[in-house]
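> Hey, dropping data.cif in here, mmCIF, C-alpha atoms:
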```cif
data_work
loop_
_atom_site.label_atom_id
_atom_site.label_comp_id
_atom_site.auth_asym_id
_atom_site.auth_seq_id
_atom_site.Cartn_x
_atom_site.Cartn_y
_atom_site.Cartn_z
CA MET A 660 9.40 -15.44 -2.73
CA GLU A 661 8.68 -15.01 0.97
CA ILE A 662 6.29 -12.40 2.42
CA ARG A 663 7.06 -11.48 6.01
CA THR A 664 7.24 -8.61 8.47
CA ALA A 665 10.10 -6.23 7.74
CA ARG A 666 13.04 -6.33 10.12
CA PRO A 667 14.56 -3.11 11.51
CA ASP A 668 17.83 -3.80 9.68
CA GLU A 669 15.84 -3.68 6.40
CA TYR A 670 14.09 -0.36 7.00
CA ALA A 671 16.63 1.87 5.25
CA ALA A 672 16.84 -0.38 2.19
CA LEU A 673 13.05 -0.66 2.02
CA GLY A 674 12.71 3.11 2.27
CA ASP A 675 15.12 3.57 -0.64
CA LEU A 676 13.34 0.85 -2.65
CA THR A 677 9.99 2.56 -2.05
CA VAL A 678 11.27 5.94 -3.21
CA ALA A 679 12.82 4.35 -6.31
CA ALA A 680 9.57 2.56 -7.15
CA TYR A 681 7.51 5.74 -6.78
CA LEU A 682 9.98 7.80 -8.80
CA ALA A 683 9.80 5.20 -11.58
CA VAL A 684 6.09 5.96 -12.10
CA ASP A 685 5.91 9.63 -11.09
CA PRO A 686 5.65 11.67 -14.30
CA HIS A 687 7.02 14.72 -12.48
CA GLY A 688 10.13 12.92 -11.23
CA ASP A 689 9.95 14.77 -7.92
CA LEU A 690 8.26 13.39 -4.83
CA GLY A 691 9.07 16.47 -2.74
CA HIS A 692 8.58 16.02 0.99
CA TYR A 693 6.67 12.74 0.38
CA ALA A 694 10.02 11.04 -0.26
CA ASP A 695 10.83 11.54 3.43
CA GLU A 696 7.56 9.86 4.42
CA LEU A 697 8.24 6.98 2.02
CA ARG A 698 11.68 6.49 3.56
CA ASP A 699 10.33 6.53 7.14
CA VAL A 700 9.76 2.79 7.39
CA ALA A 701 10.50 2.83 11.13
CA GLY A 702 7.72 5.37 11.66
CA ARG A 703 5.24 3.27 9.72
CA ALA A 704 6.28 0.10 11.52
CA ALA A 705 5.61 1.76 14.88
CA ALA A 706 1.93 2.28 14.00
CA SER A 707 1.22 -0.39 11.38
CA GLU A 708 2.64 -3.60 9.99
CA VAL A 709 5.26 -3.27 7.28
CA LEU A 710 5.59 -6.35 5.10
CA VAL A 711 8.35 -7.20 2.67
CA ALA A 712 8.70 -9.56 -0.26
CA VAL A 713 12.08 -11.27 -0.20
CA GLY A 714 13.58 -13.26 -3.05
CA PRO A 715 15.26 -16.65 -2.64
CA ASP A 716 18.60 -14.84 -2.54
CA GLY A 717 17.44 -12.70 0.42
CA ARG A 718 17.11 -9.55 -1.70
CA LEU A 719 14.19 -7.19 -0.98
CA LEU A 720 11.78 -7.19 -3.90
CA GLY A 721 9.10 -4.92 -2.48
CA GLY A 722 7.14 -3.80 0.52
CA VAL A 723 3.77 -2.59 1.74
CA THR A 724 2.27 -1.09 4.86
CA TYR A 725 -0.80 -2.83 6.29
CA VAL A 726 -2.85 -0.36 8.35
CA PRO A 727 -4.85 -2.35 10.92
CA GLY A 728 -7.68 0.09 11.53
CA PRO A 729 -8.92 3.68 11.49
CA GLY A 730 -7.21 4.48 14.79
CA SER A 731 -3.74 4.10 13.30
CA PRO A 732 -1.87 7.33 12.53
CA ALA A 733 -1.27 5.87 9.05
CA ALA A 734 -5.00 5.45 8.33
CA GLU A 735 -6.46 7.30 5.36
CA PHE A 736 -9.97 5.97 5.99
CA SER A 737 -12.61 6.17 8.69
CA HIS A 738 -14.63 2.98 8.24
CA PRO A 739 -14.78 1.54 11.78
CA ARG A 740 -14.11 -2.05 10.70
CA GLY A 741 -11.77 -1.15 7.88
CA ALA A 742 -8.09 -1.74 7.27
CA GLY A 743 -5.79 -0.14 4.76
CA ILE A 744 -2.93 -0.63 2.38
CA ARG A 745 -0.30 2.09 2.04
CA MET A 746 2.89 2.57 0.11
CA LEU A 747 2.87 -0.62 -1.95
CA ALA A 748 6.18 -0.63 -3.81
CA VAL A 749 8.00 -3.12 -6.00
CA ALA A 750 11.66 -2.67 -6.87
CA PRO A 751 11.88 -1.49 -10.48
CA GLY A 752 13.95 -4.58 -11.41
CA ALA A 753 11.40 -6.96 -9.84
CA GLN A 754 8.25 -5.62 -11.48
CA GLY A 755 6.10 -7.99 -13.49
CA ARG A 756 6.92 -11.02 -11.32
CA GLY A 757 3.88 -11.05 -9.04
CA VAL A 758 5.50 -9.21 -6.13
CA GLY A 759 2.82 -6.53 -5.89
CA GLU A 760 0.08 -9.13 -6.07
CA ALA A 761 1.67 -11.27 -3.36
CA LEU A 762 2.02 -8.26 -1.04
CA THR A 763 -1.57 -7.15 -1.70
CA ARG A 764 -2.88 -10.68 -1.09
CA ALA A 765 -0.96 -10.78 2.20
CA CYS A 766 -2.75 -7.59 3.29
CA ILE A 767 -6.12 -9.05 2.25
CA ALA A 768 -5.38 -12.20 4.27
CA ARG A 769 -4.47 -10.13 7.34
CA ALA A 770 -7.65 -8.08 7.08
CA VAL A 771 -9.78 -11.22 6.80
CA ALA A 772 -7.97 -12.98 9.66
CA ARG A 773 -8.48 -9.93 11.88
CA GLY A 774 -12.20 -9.64 11.15
CA ARG A 775 -12.03 -6.43 9.10
CA ASP A 776 -14.86 -6.00 6.60
CA ARG A 777 -13.23 -3.51 4.23
CA LEU A 778 -9.77 -2.86 2.85
CA VAL A 779 -9.07 0.66 1.55
CA LEU A 780 -6.20 2.05 -0.47
CA HIS A 781 -5.36 5.19 -2.44
CA SER A 782 -3.44 5.54 -5.66
CA THR A 783 -2.42 8.30 -8.03
CA ASP A 784 -3.75 8.61 -11.56
CA TRP A 785 -0.41 7.58 -13.07
CA MET A 786 -0.25 4.21 -11.29
CA GLY A 787 -2.23 2.36 -13.96
CA THR A 788 -0.44 -0.96 -13.52
CA ALA A 789 -1.41 -0.97 -9.84
CA HIS A 790 -5.01 -0.07 -10.72
CA ARG A 791 -5.23 -3.12 -13.00
CA LEU A 792 -3.86 -5.32 -10.21
CA TYR A 793 -6.40 -3.98 -7.73
CA GLY A 794 -9.23 -4.63 -10.19
CA ARG A 795 -8.11 -8.22 -10.73
CA LEU A 796 -8.15 -8.74 -6.95
CA GLY A 797 -11.69 -7.40 -6.58
CA PHE A 798 -11.09 -3.80 -5.49
CA VAL A 799 -13.51 -1.23 -6.87
CA ARG A 800 -13.01 2.48 -7.38
CA ASP A 801 -14.80 4.48 -4.74
CA THR A 802 -14.89 8.18 -5.60
CA ALA A 803 -16.19 8.96 -2.10
CA LEU A 804 -12.69 8.05 -0.87
CA ASP A 805 -10.85 10.38 -3.28
CA TRP A 806 -8.96 13.27 -1.72
CA GLU A 807 -6.50 15.99 -2.65
CA PRO A 808 -3.62 16.17 -0.12
CA GLU A 809 -1.90 18.91 -2.14
CA PRO A 810 -3.31 21.17 -4.85
CA GLY A 811 -3.44 19.20 -8.08
CA LEU A 812 -2.46 15.87 -6.50
CA TRP A 813 -5.46 13.59 -6.27
CA LEU A 814 -5.41 10.26 -4.48
CA ARG A 815 -8.00 7.91 -5.93
CA GLY A 816 -9.80 5.62 -3.52
CA PHE A 817 -10.24 1.89 -3.97
CA ARG A 818 -11.98 -0.51 -1.62
CA LEU A 819 -12.44 -4.22 -1.25
CA ASP A 820 -15.52 -5.23 0.71
CA LEU A 821 -14.56 -8.40 2.53
CA ASP A 822 -18.06 -9.36 3.67
CA GLY A 823 -20.25 -7.66 1.09
CA GLY A 824 -20.00 -4.42 3.10
CA ASP A 825 -22.56 -1.63 2.97
CA GLY A 826 -20.71 0.43 0.34
CA ASP A 827 -21.05 3.67 2.32
CA GLY A 828 -17.67 4.84 1.02
CA GLY A 829 -16.33 5.72 4.45
#
```
The structure given in the file should be rewritten as structure tokens.


Amino acid sequence: MEIRTARPDEYAALGDLTVAAYLAVDPHGDLGHYADELRDVAGRAAASEVLVAVGPDGRLLGGVTYVPGPGSPAAEFSHPRGAGIRMLAVAPGAQGRGVGEALTRACIARAVARGRDRLVLHSTDWMGTAHRLYGRLGFVRDTALDWEPEPGLWLRGFRLDLDGGDGDGG
């Protein structure tokens, strides 16, 4: 498996893959307007770095958005030396093969290489498999990062302090 920056000719397929992955774990089966945001890979790539996991056969296995800092329009954090992970998705047929871990590790490596001291992400309550992955990689739940973008939809905050950060939750 190769992890690399997504190419423009892959954006539509990655958008569809991301929607399929989210629908596979959404107990409501309806992403509403968020599906449009998940499909907008070009928009994310304009403000962040979109990475893909590609199999030996060239097939997309998953993708993730690495948010380089709090000034990015994709940022869901305010820590001045932080970075973020958004929209991690693994194709339903590729789950359980280490794709999500490889993509997350690639984001961690980017954050370290760029001198960031914290990596932040948000996840829904029903993404338990992802929560276990984040825990294995050293992320901790940070309730100070939780937020409710829509009534009844809570995004749970996780952070990875890359230099033993101050834990201020921001």

> I need the output of the PyMOL selection byres ((chain A and resi 783) around 10) for this file as a list of chain:residue names; which residues are they?

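This file gives the following for the PyMOL selection byres ((chain A and resi 783) around 10): A:Val684, A:Asp685, A:His781, A:Ser782, A:Asp784, A:Trp785, A:Met786, A:Gly787, A:Ala789, A:His790, A:Asp805, A:Leu812, A:Trp813, A:Leu814, A:Arg815, A:Gly816.
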
> Taking only C-alpha atoms into account, name the residue in A:Leu710, A:Val749, A:Leu821, A:Val758 that is nearest to Tyr725 in chain A.

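For Tyr725 in chain A, the nearest of the candidates is A:Leu710.
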
> Find the residues near Leu780 in chain A: any atom within 10 Å, counting only C-alpha atoms, skip ones fewer than 5 places away on the same chain, and give them as a list in words.

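Everything that qualifies: Tyr725, Val726, Ala734, Glu735, Phe736, Ala742, Gly743, Ile744, Arg745, Met746, Leu747, Tyr793, Phe798, Arg800, Asp801, Leu804, Asp805, Leu814, Arg815, Gly816, Phe817, Arg818 and Leu819 of chain A.
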
> Please expand the PyMOL selection byres ((chain A and resi 696) around 12) into the concrete residues it hits in this file, giving the result as an MDAnalysis selection string.

chainID A and resid 674:675 677:678 681 690:695 697:703 733 745:746

> Please determine, counting all atoms listed in the file, which residue among A:Gln754, A:Glu809, A:Pro727, A:Gly794 has the shortest atom-to-atom distance to Arg775 in chain A.

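Of all the options, A:Pro727 lies closest to Arg775 in chain A.
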
> Return the single residue from A:Arg756, A:Arg764, A:Arg777, A:Arg769 that is closest to Pro729 in chain A, with distances computed using all atoms listed in the file.

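Looking only at the distances to Pro729 in chain A, the closest residue turns out to be A:Arg777.
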
> Where does the PyMOL selection byres ((chain A and resi 757) around 12) land in this file, that is, which residues does it pick, as an MDAnalysis selection string?

chainID A and resid 660:662 712 714 720:721 748:750 753:756 758:764 788:789 792

> Report, in Å to a single decimal, how far apart CA of Thr724 in chain A and CA of Leu796 in chain A are.

17.5 Å

> Between CA of Leu719 in chain A and CA of Ala671 in chain A, what is the spacing in Å?

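These two atoms are separated by 11.3 Å.
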
> Using only C-alpha atoms, can you tell me which of A:Pro715, A:Gly741, A:Pro810, A:Thr802 comes closest to Arg773 in chain A?

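With only C-alpha atoms as the atom set, the closest residue is A:Gly741.
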
> So which residues are close to (9.7, -7.6, 4.5), meaning at most 7 Å away in the file's coordinates with all atoms listed in the file counted, and can you show them as a list in words?

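Every polymer residue passing the test: Ile662, Arg663, Thr664, Ala665, Arg666, Val709, Leu710, Val711, Ala712, Val713 and Gly722 of chain A.
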